[in-house]
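Q: Data: upload.cif, mmCIF, C-alpha atoms.
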```cif
data_my_file
loop_
_atom_site.label_atom_id
_atom_site.label_comp_id
_atom_site.auth_asym_id
_atom_site.auth_seq_id
_atom_site.Cartn_x
_atom_site.Cartn_y
_atom_site.Cartn_z
CA GLU A 80 54.41 53.46 -133.00
CA ALA A 81 56.60 50.94 -134.87
CA GLN A 82 55.66 47.47 -133.75
CA VAL A 83 55.09 43.81 -134.47
CA THR A 84 51.76 42.54 -133.18
CA GLN A 85 51.00 38.90 -132.51
CA ASN A 86 47.68 37.42 -131.55
CA PRO A 87 46.69 35.69 -129.41
CA ARG A 88 49.15 36.13 -126.53
CA TYR A 89 48.03 32.92 -124.86
CA LEU A 90 46.27 29.92 -126.34
CA ILE A 91 45.32 26.52 -124.99
CA THR A 92 43.99 24.10 -127.57
CA VAL A 93 43.43 20.40 -128.10
CA THR A 94 45.37 18.02 -130.30
CA GLY A 95 44.30 18.15 -133.94
CA LYS A 96 42.31 21.38 -133.85
CA LYS A 97 43.62 23.72 -136.53
CA LEU A 98 44.79 27.12 -135.33
CA THR A 99 46.33 30.29 -136.71
CA VAL A 100 48.60 32.74 -134.93
CA THR A 101 48.56 36.12 -136.59
CA CYS A 102 51.50 38.48 -137.00
CA SER A 103 51.38 41.99 -138.36
CA GLN A 104 54.05 44.70 -138.70
CA ASN A 105 53.66 48.39 -139.51
CA MET A 106 57.25 49.18 -140.52
CA ASN A 107 57.06 48.14 -144.20
CA HIS A 108 59.66 45.46 -143.54
CA GLU A 109 60.36 42.95 -146.29
CA TYR A 110 61.73 40.18 -144.09
CA MET A 111 59.56 38.33 -141.57
CA SER A 112 60.10 35.13 -139.65
CA TRP A 113 58.66 32.82 -137.03
CA TYR A 114 60.56 31.27 -134.13
CA ARG A 115 59.73 28.91 -131.34
CA GLN A 116 61.52 29.08 -128.01
CA ASP A 117 61.84 26.08 -125.72
CA PRO A 118 63.81 25.70 -122.46
CA GLY A 119 67.34 24.51 -123.15
CA LEU A 120 66.92 24.83 -126.91
CA GLY A 121 66.80 28.57 -127.45
CA LEU A 122 65.14 30.32 -130.36
CA ARG A 123 64.72 28.15 -133.43
CA GLN A 124 63.53 29.44 -136.76
CA ILE A 125 60.40 27.81 -138.17
CA TYR A 126 59.79 29.68 -141.42
CA TYR A 127 60.88 32.95 -142.95
CA SER A 128 59.74 35.19 -145.78
CA MET A 129 61.85 37.52 -147.89
CA ASN A 130 58.86 39.30 -149.45
CA VAL A 131 55.26 38.84 -150.52
CA GLU A 132 54.65 35.30 -151.82
CA VAL A 133 58.25 34.28 -151.03
CA THR A 134 58.67 31.93 -148.07
CA ASP A 135 61.16 29.24 -147.07
CA LYS A 136 61.72 26.68 -144.34
CA GLY A 137 63.84 27.38 -141.31
CA ASP A 138 65.34 24.78 -139.00
CA VAL A 139 62.11 23.29 -137.57
CA PRO A 140 59.29 23.62 -140.17
CA GLU A 141 57.55 20.26 -139.63
CA GLY A 142 53.92 20.66 -138.60
CA TYR A 143 53.71 24.34 -139.55
CA LYS A 144 52.58 26.37 -142.55
CA VAL A 145 52.89 30.04 -143.36
CA SER A 146 51.65 32.44 -146.00
CA ARG A 147 52.67 35.95 -147.07
CA LYS A 148 49.87 37.41 -149.16
CA GLU A 149 50.46 40.94 -147.93
CA LYS A 150 53.69 42.61 -146.88
CA ARG A 151 52.51 43.43 -143.39
CA ASN A 152 51.05 40.04 -142.40
CA PHE A 153 52.71 36.67 -141.85
CA PRO A 154 50.38 34.18 -140.15
CA LEU A 155 51.59 30.88 -138.70
CA ILE A 156 49.23 27.95 -139.24
CA LEU A 157 49.17 24.70 -137.32
CA GLU A 158 46.93 22.37 -139.34
CA SER A 159 46.89 19.58 -136.75
CA PRO A 160 48.60 20.69 -133.53
CA SER A 161 50.29 18.12 -131.34
CA PRO A 162 51.57 18.36 -127.75
CA ASN A 163 55.18 18.67 -128.94
CA GLN A 164 54.21 22.02 -130.46
CA THR A 165 53.58 23.43 -127.01
CA SER A 166 56.00 26.34 -126.93
CA LEU A 167 56.54 30.10 -126.87
CA TYR A 168 56.31 31.52 -130.39
CA PHE A 169 57.77 34.79 -131.65
CA CYS A 170 57.23 36.60 -134.89
CA ALA A 171 59.92 39.03 -136.06
CA SER A 172 60.42 41.48 -138.89
CA SER A 173 63.32 43.48 -140.32
CA PHE A 174 64.32 45.37 -143.46
CA GLY A 175 66.70 42.59 -144.36
CA LEU A 176 68.56 39.65 -142.87
CA ASN A 177 71.47 41.70 -141.54
CA THR A 178 69.49 44.46 -139.90
CA GLU A 179 67.87 44.78 -136.50
CA ALA A 180 64.93 42.43 -136.01
CA PHE A 181 61.83 43.61 -134.17
CA PHE A 182 59.98 40.90 -132.27
CA GLY A 183 56.33 40.55 -131.38
CA GLN A 184 55.25 40.07 -127.77
CA GLY A 185 55.13 36.30 -128.11
CA THR A 186 52.36 33.69 -128.13
CA ARG A 187 52.39 31.03 -125.47
CA LEU A 188 50.73 27.97 -126.97
CA THR A 189 49.72 24.88 -125.03
CA VAL A 190 48.43 21.82 -126.89
CA VAL A 191 46.75 19.21 -124.70
CA GLY B 43 72.16 25.07 -140.00
CA GLN B 44 74.93 26.92 -138.26
CA SER B 45 75.55 26.40 -134.56
CA LEU B 46 76.59 28.94 -131.96
CA GLU B 47 77.99 28.16 -128.54
CA GLN B 48 77.60 30.35 -125.48
CA PRO B 49 77.74 29.63 -121.74
CA SER B 50 74.37 28.80 -120.24
CA GLU B 51 74.70 30.96 -117.12
CA VAL B 52 76.87 33.75 -115.76
CA THR B 53 76.67 35.53 -112.39
CA ALA B 54 78.21 38.93 -111.70
CA VAL B 55 78.10 41.61 -109.03
CA GLU B 56 76.27 44.91 -109.40
CA GLY B 57 78.66 47.62 -110.59
CA ALA B 58 81.15 45.15 -112.04
CA ILE B 59 82.03 44.22 -115.64
CA VAL B 60 80.98 40.95 -117.26
CA GLN B 61 81.90 39.36 -120.57
CA ILE B 62 79.64 36.88 -122.37
CA ASN B 63 81.28 34.82 -125.11
CA CYS B 64 79.88 33.35 -128.30
CA THR B 65 81.64 31.09 -130.80
CA TYR B 66 80.26 30.27 -134.22
CA GLN B 67 81.10 28.43 -137.40
CA THR B 68 82.86 30.71 -139.87
CA SER B 69 81.57 29.24 -143.14
CA GLY B 70 79.11 31.57 -144.86
CA PHE B 71 79.36 34.09 -142.04
CA ASN B 72 77.44 37.30 -142.65
CA GLY B 73 77.33 39.16 -139.35
CA LEU B 74 76.83 38.55 -135.62
CA PHE B 75 73.99 39.95 -133.55
CA TRP B 76 73.45 40.28 -129.81
CA TYR B 77 69.96 40.46 -128.33
CA GLN B 78 68.75 40.91 -124.76
CA GLN B 79 65.72 39.01 -123.50
CA HIS B 80 64.14 39.57 -120.10
CA ALA B 81 62.17 36.65 -118.71
CA GLY B 82 58.79 36.30 -120.42
CA GLU B 83 59.48 39.11 -122.86
CA ALA B 84 60.53 39.44 -126.49
CA PRO B 85 64.20 39.74 -127.48
CA THR B 86 65.43 43.26 -128.14
CA PHE B 87 68.37 44.24 -130.35
CA LEU B 88 71.66 45.25 -128.74
CA SER B 89 74.34 45.19 -131.43
CA TYR B 90 75.46 43.94 -134.83
CA ASN B 91 79.08 43.28 -135.88
CA VAL B 92 80.18 42.40 -139.37
CA LEU B 93 83.79 43.66 -139.24
CA ASP B 94 86.51 42.73 -136.77
CA GLY B 95 86.83 44.92 -133.73
CA LEU B 96 84.94 46.49 -130.89
CA GLU B 97 81.66 48.39 -131.16
CA GLU B 98 80.56 50.44 -128.15
CA THR B 99 77.08 51.64 -127.29
CA GLY B 100 76.84 53.16 -123.84
CA ARG B 101 77.54 50.54 -121.17
CA PHE B 102 77.47 47.73 -123.73
CA SER B 103 80.24 46.75 -126.16
CA SER B 104 80.46 43.93 -128.65
CA PHE B 105 83.62 42.46 -130.14
CA LEU B 106 84.10 40.29 -133.21
CA SER B 107 86.99 38.22 -134.55
CA ARG B 108 85.99 36.74 -137.91
CA SER B 109 89.13 34.63 -138.27
CA LYS B 110 88.53 32.97 -134.90
CA GLY B 111 84.76 32.68 -135.17
CA TYR B 112 84.44 34.45 -131.84
CA SER B 113 82.43 37.30 -130.39
CA TYR B 114 81.80 38.66 -126.95
CA LEU B 115 79.40 41.08 -125.31
CA LEU B 116 80.85 43.29 -122.59
CA LEU B 117 78.55 44.88 -120.02
CA LYS B 118 80.03 47.56 -117.80
CA GLU B 119 78.75 49.11 -114.56
CA LEU B 120 76.28 46.29 -114.16
CA GLN B 121 72.82 47.14 -112.89
CA MET B 122 70.18 44.83 -111.44
CA LYS B 123 68.01 45.48 -114.51
CA ASP B 124 70.72 43.86 -116.68
CA SER B 125 69.65 40.47 -115.31
CA ALA B 126 68.35 38.80 -118.46
CA SER B 127 69.30 36.29 -121.11
CA TYR B 128 71.72 37.40 -123.81
CA LEU B 129 71.43 35.75 -127.20
CA CYS B 130 74.01 35.77 -129.95
CA ALA B 131 72.73 35.17 -133.47
CA GLU B 132 74.38 34.68 -136.84
CA GLY B 133 73.20 35.62 -140.31
CA ALA B 134 74.81 33.02 -142.50
CA GLY B 135 74.53 34.30 -146.05
CA SER B 136 71.08 32.93 -146.76
CA TYR B 137 68.01 34.43 -145.19
CA GLN B 138 68.28 32.21 -142.15
CA LEU B 139 69.16 33.70 -138.79
CA THR B 140 70.46 31.17 -136.26
CA PHE B 141 70.47 31.88 -132.53
CA GLY B 142 72.61 30.46 -129.76
CA LYS B 143 70.79 28.98 -126.76
CA GLY B 144 71.37 32.11 -124.74
CA THR B 145 73.34 33.04 -121.62
CA LYS B 146 71.35 33.80 -118.50
CA LEU B 147 73.01 36.66 -116.62
CA SER B 148 72.23 37.05 -112.94
CA VAL B 149 73.35 40.32 -111.35
CA ILE B 150 73.68 40.09 -107.57
CA PRO B 151 73.99 42.93 -105.05
#
```
Show me this structure written as structure tokens.
A:
Amino acid sequence: EAQVTQNPRYLITVTGKKLTVTCSQNMNHEYMSWYRQDPGLGLRQIYYSMNVEVTDKGDVPEGYKVSRKEKRNFPLILESPSPNQTSLYFCASSFGLNTEAFFGQGTRLTVV
Amino acid sequence: GQSLEQPSEVTAVEGAIVQINCTYQTSGFNGLFWYQQHAGEAPTFLSYNVLDGLEETGRFSSFLSRSKGYSYLLLKELQMKDSASYLCAEGAGSYQLTFGKGTKLSVIP
């Protein structure tokens, strides 16, 4: 089954404790991206990747890192999480920018 | 980045037709998407328009006017399961995809 898999689905952590949210897709898509979704603000792009070892900042990259060492995986790293990073996070993949994006199930992160 | 404007909420009656509008900045425009998102779930793709005109897929249609920077999503024969948020999104020439804040559609009996 074609899918984008994020883990974990839910995470509660403390300020400053490094965490990684994993994202994996099995559709051989070149383009992957991370979004956060907050009430009243909608989906905002954090980082995106056009292919292996090629990444770039989206609209809200501060406090986040990404890597794309393999085509299928695109982890999101929070080196020192803060409460303002409490949000619902989505990973997405597609063949290109102007094609249908497939989203993961979402990761609800709470930083206390 | 680009900005897209859509109404925050719309209410419509089951069986009726509803139109959800989206306006966007035309510079660097490279296509307009519509996604559906049920509460607590991931967005799912509905349509993509890059040329002017109307695209129909079952009960859903999407319209684009590039010169006016305007799109709408038309939902016919509304069903209760259509209650969801509808997101328009723009690919703006780079690899960034920018979403509007979404329109929450409530379908009432």
Q: Select from chain A every residue with an atom at most 7 Å from any atom of region 127-146 of chain B, then for each give the shortest pair of atoms and their distance in Å to one decimal, using only C-alpha atoms, rows by chain and rising number, as a Markdown table.
A:
```
| residue | atom | partner | partner_atom | distance |
| --- | --- | --- | --- | --- |
| A:Gly119 | CA | B:Lys143 | CA | 6.7 |
| A:Leu120 | CA | B:Lys143 | CA | 5.7 |
| A:Gly121 | CA | B:Lys143 | CA | 4.1 |
| A:Leu122 | CA | B:Phe141 | CA | 6.0 |
| A:Arg123 | CA | B:Phe141 | CA | 6.9 |
| A:Gly137 | CA | B:Gln138 | CA | 6.6 |
| A:Leu176 | CA | B:Tyr137 | CA | 5.7 |
| A:Asn177 | CA | B:Gly133 | CA | 6.4 |
```
Q: Using C-alpha atoms, can you write the selected residues to a file as an mmCIF file, in the coordinates of the input?
A:
```
data_model
loop_
_atom_site.group_PDB
_atom_site.id
_atom_site.type_symbol
_atom_site.label_atom_id
_atom_site.label_comp_id
_atom_site.auth_asym_id
_atom_site.auth_seq_id
_atom_site.Cartn_x
_atom_site.Cartn_y
_atom_site.Cartn_z
ATOM 1 C CA GLY A 119 67.340 24.510 -123.150
ATOM 2 C CA LEU A 120 66.920 24.830 -126.910
ATOM 3 C CA GLY A 121 66.800 28.570 -127.450
ATOM 4 C CA LEU A 122 65.140 30.320 -130.360
ATOM 5 C CA ARG A 123 64.720 28.150 -133.430
ATOM 6 C CA GLY A 137 63.840 27.380 -141.310
ATOM 7 C CA LEU A 176 68.560 39.650 -142.870
ATOM 8 C CA ASN A 177 71.470 41.700 -141.540
#
```
Q: Any chance you could resolve the PyMOL selection byres ((chain A and resi 146) around 8) against this file and give the residues as a PyMOL selection string?
A: chain A and resi 132+134+144-145+147-148+153-155
Q: Quick one: residues within 7 Å of Lys97 (chain A), all atoms listed in the file, excluding same-chain residues fewer than 3 positions away - as an mmCIF file with C-alpha atoms, in the coordinates of the input?
A:
```cif
data_model
loop_
_atom_site.group_PDB
_atom_site.id
_atom_site.type_symbol
_atom_site.label_atom_id
_atom_site.label_comp_id
_atom_site.auth_asym_id
_atom_site.auth_seq_id
_atom_site.Cartn_x
_atom_site.Cartn_y
_atom_site.Cartn_z
ATOM 1 C CA LEU A 157 49.170 24.700 -137.320
ATOM 2 C CA GLU A 158 46.930 22.370 -139.340
ATOM 3 C CA SER A 159 46.890 19.580 -136.750
ATOM 4 C CA PRO A 160 48.600 20.690 -133.530
#
```
Q: Using all atoms listed in the file, find each residue of chain A with at least one atom at most 12 Å away from an atom of chain B; report its shortest atom-to-atom pair and that distance in Å (one decimal), sort the rows by chain and rising residue number, and return the result as CSV.
A:
```
residue,atom,partner,partner_atom,distance
A:Gln82,CA,B:Ala84,CA,11.9
A:Val83,CA,B:Ala84,CA,10.6
A:Thr84,CA,B:Ala84,CA,11.5
A:Gln85,CA,B:Ala84,CA,11.3
A:Arg88,CA,B:Glu83,CA,11.4
A:Glu109,CA,B:Tyr137,CA,11.5
A:Tyr110,CA,B:Tyr137,CA,8.6
A:Met111,CA,B:Tyr137,CA,10.0
A:Ser112,CA,B:Gln138,CA,9.0
A:Trp113,CA,B:Leu139,CA,10.7
A:Tyr114,CA,B:Phe141,CA,10.1
A:Arg115,CA,B:Phe141,CA,11.2
A:Gln116,CA,B:Lys143,CA,9.4
A:Asp117,CA,B:Lys143,CA,9.5
A:Pro118,CA,B:Lys143,CA,8.8
A:Gly119,CA,B:Lys143,CA,6.7
A:Leu120,CA,B:Lys143,CA,5.7
A:Gly121,CA,B:Lys143,CA,4.1
A:Leu122,CA,B:Phe141,CA,6.0
A:Arg123,CA,B:Phe141,CA,6.9
A:Gln124,CA,B:Thr140,CA,7.2
A:Ile125,CA,B:Gln138,CA,9.9
A:Tyr126,CA,B:Gln138,CA,8.9
A:Tyr127,CA,B:Gln138,CA,7.5
A:Ser128,CA,B:Tyr137,CA,8.3
A:Met129,CA,B:Tyr137,CA,7.4
A:Asn130,CA,B:Tyr137,CA,11.2
A:Val133,CA,B:Tyr137,CA,11.4
A:Thr134,CA,B:Tyr137,CA,10.1
A:Asp135,CA,B:Tyr137,CA,8.8
A:Lys136,CA,B:Gln138,CA,8.9
A:Gly137,CA,B:Gln138,CA,6.6
A:Asp138,CA,B:Gly43,CA,6.9
A:Val139,CA,B:Gly43,CA,10.5
A:Leu167,CA,B:Gly82,CA,9.2
A:Tyr168,CA,B:Ala84,CA,9.8
A:Phe169,CA,B:Ala84,CA,7.5
A:Cys170,CA,B:Ala84,CA,9.5
A:Ala171,CA,B:Ala84,CA,9.6
A:Ser172,CA,B:Leu139,CA,11.7
A:Ser173,CA,B:Phe87,CA,11.2
A:Phe174,CA,B:Tyr137,CA,11.7
A:Gly175,CA,B:Tyr137,CA,8.3
A:Leu176,CA,B:Tyr137,CA,5.7
A:Asn177,CA,B:Gly133,CA,6.4
A:Thr178,CA,B:Tyr90,CA,7.8
A:Glu179,CA,B:Phe87,CA,6.2
A:Ala180,CA,B:Phe87,CA,6.9
A:Phe181,CA,B:Thr86,CA,7.0
A:Phe182,CA,B:Ala84,CA,6.0
A:Gly183,CA,B:Ala84,CA,6.5
A:Gln184,CA,B:Ala84,CA,5.5
A:Gly185,CA,B:Ala84,CA,6.5
A:Thr186,CA,B:Ala84,CA,10.1
A:Arg187,CA,B:Gly82,CA,9.7
```
Q: So which one's closest to Thr165 (chain A), A:Ile91, A:Val100, A:Val131, A:Met106? Using all atoms listed in the file, please.
A: A:Ile91
Q: Tell me which protein, DNA and RNA residues are within 12 Å of Asp124 (chain B), counting only C-alpha atoms, leaving out same-chain ones fewer than 6 positions away, and put them as a PyMOL selection string.
A: chain B and resi 52-60+78-81+101-102+116-118+146-150
Q: Between B:Ala126, B:Leu120, B:Asn63, B:Gly70, which residue has the minimum interatomic distance to Ser104 (chain B), considering only C-alpha atoms?
A: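 The closest residue to Ser104 (chain B) is B:Asn63.
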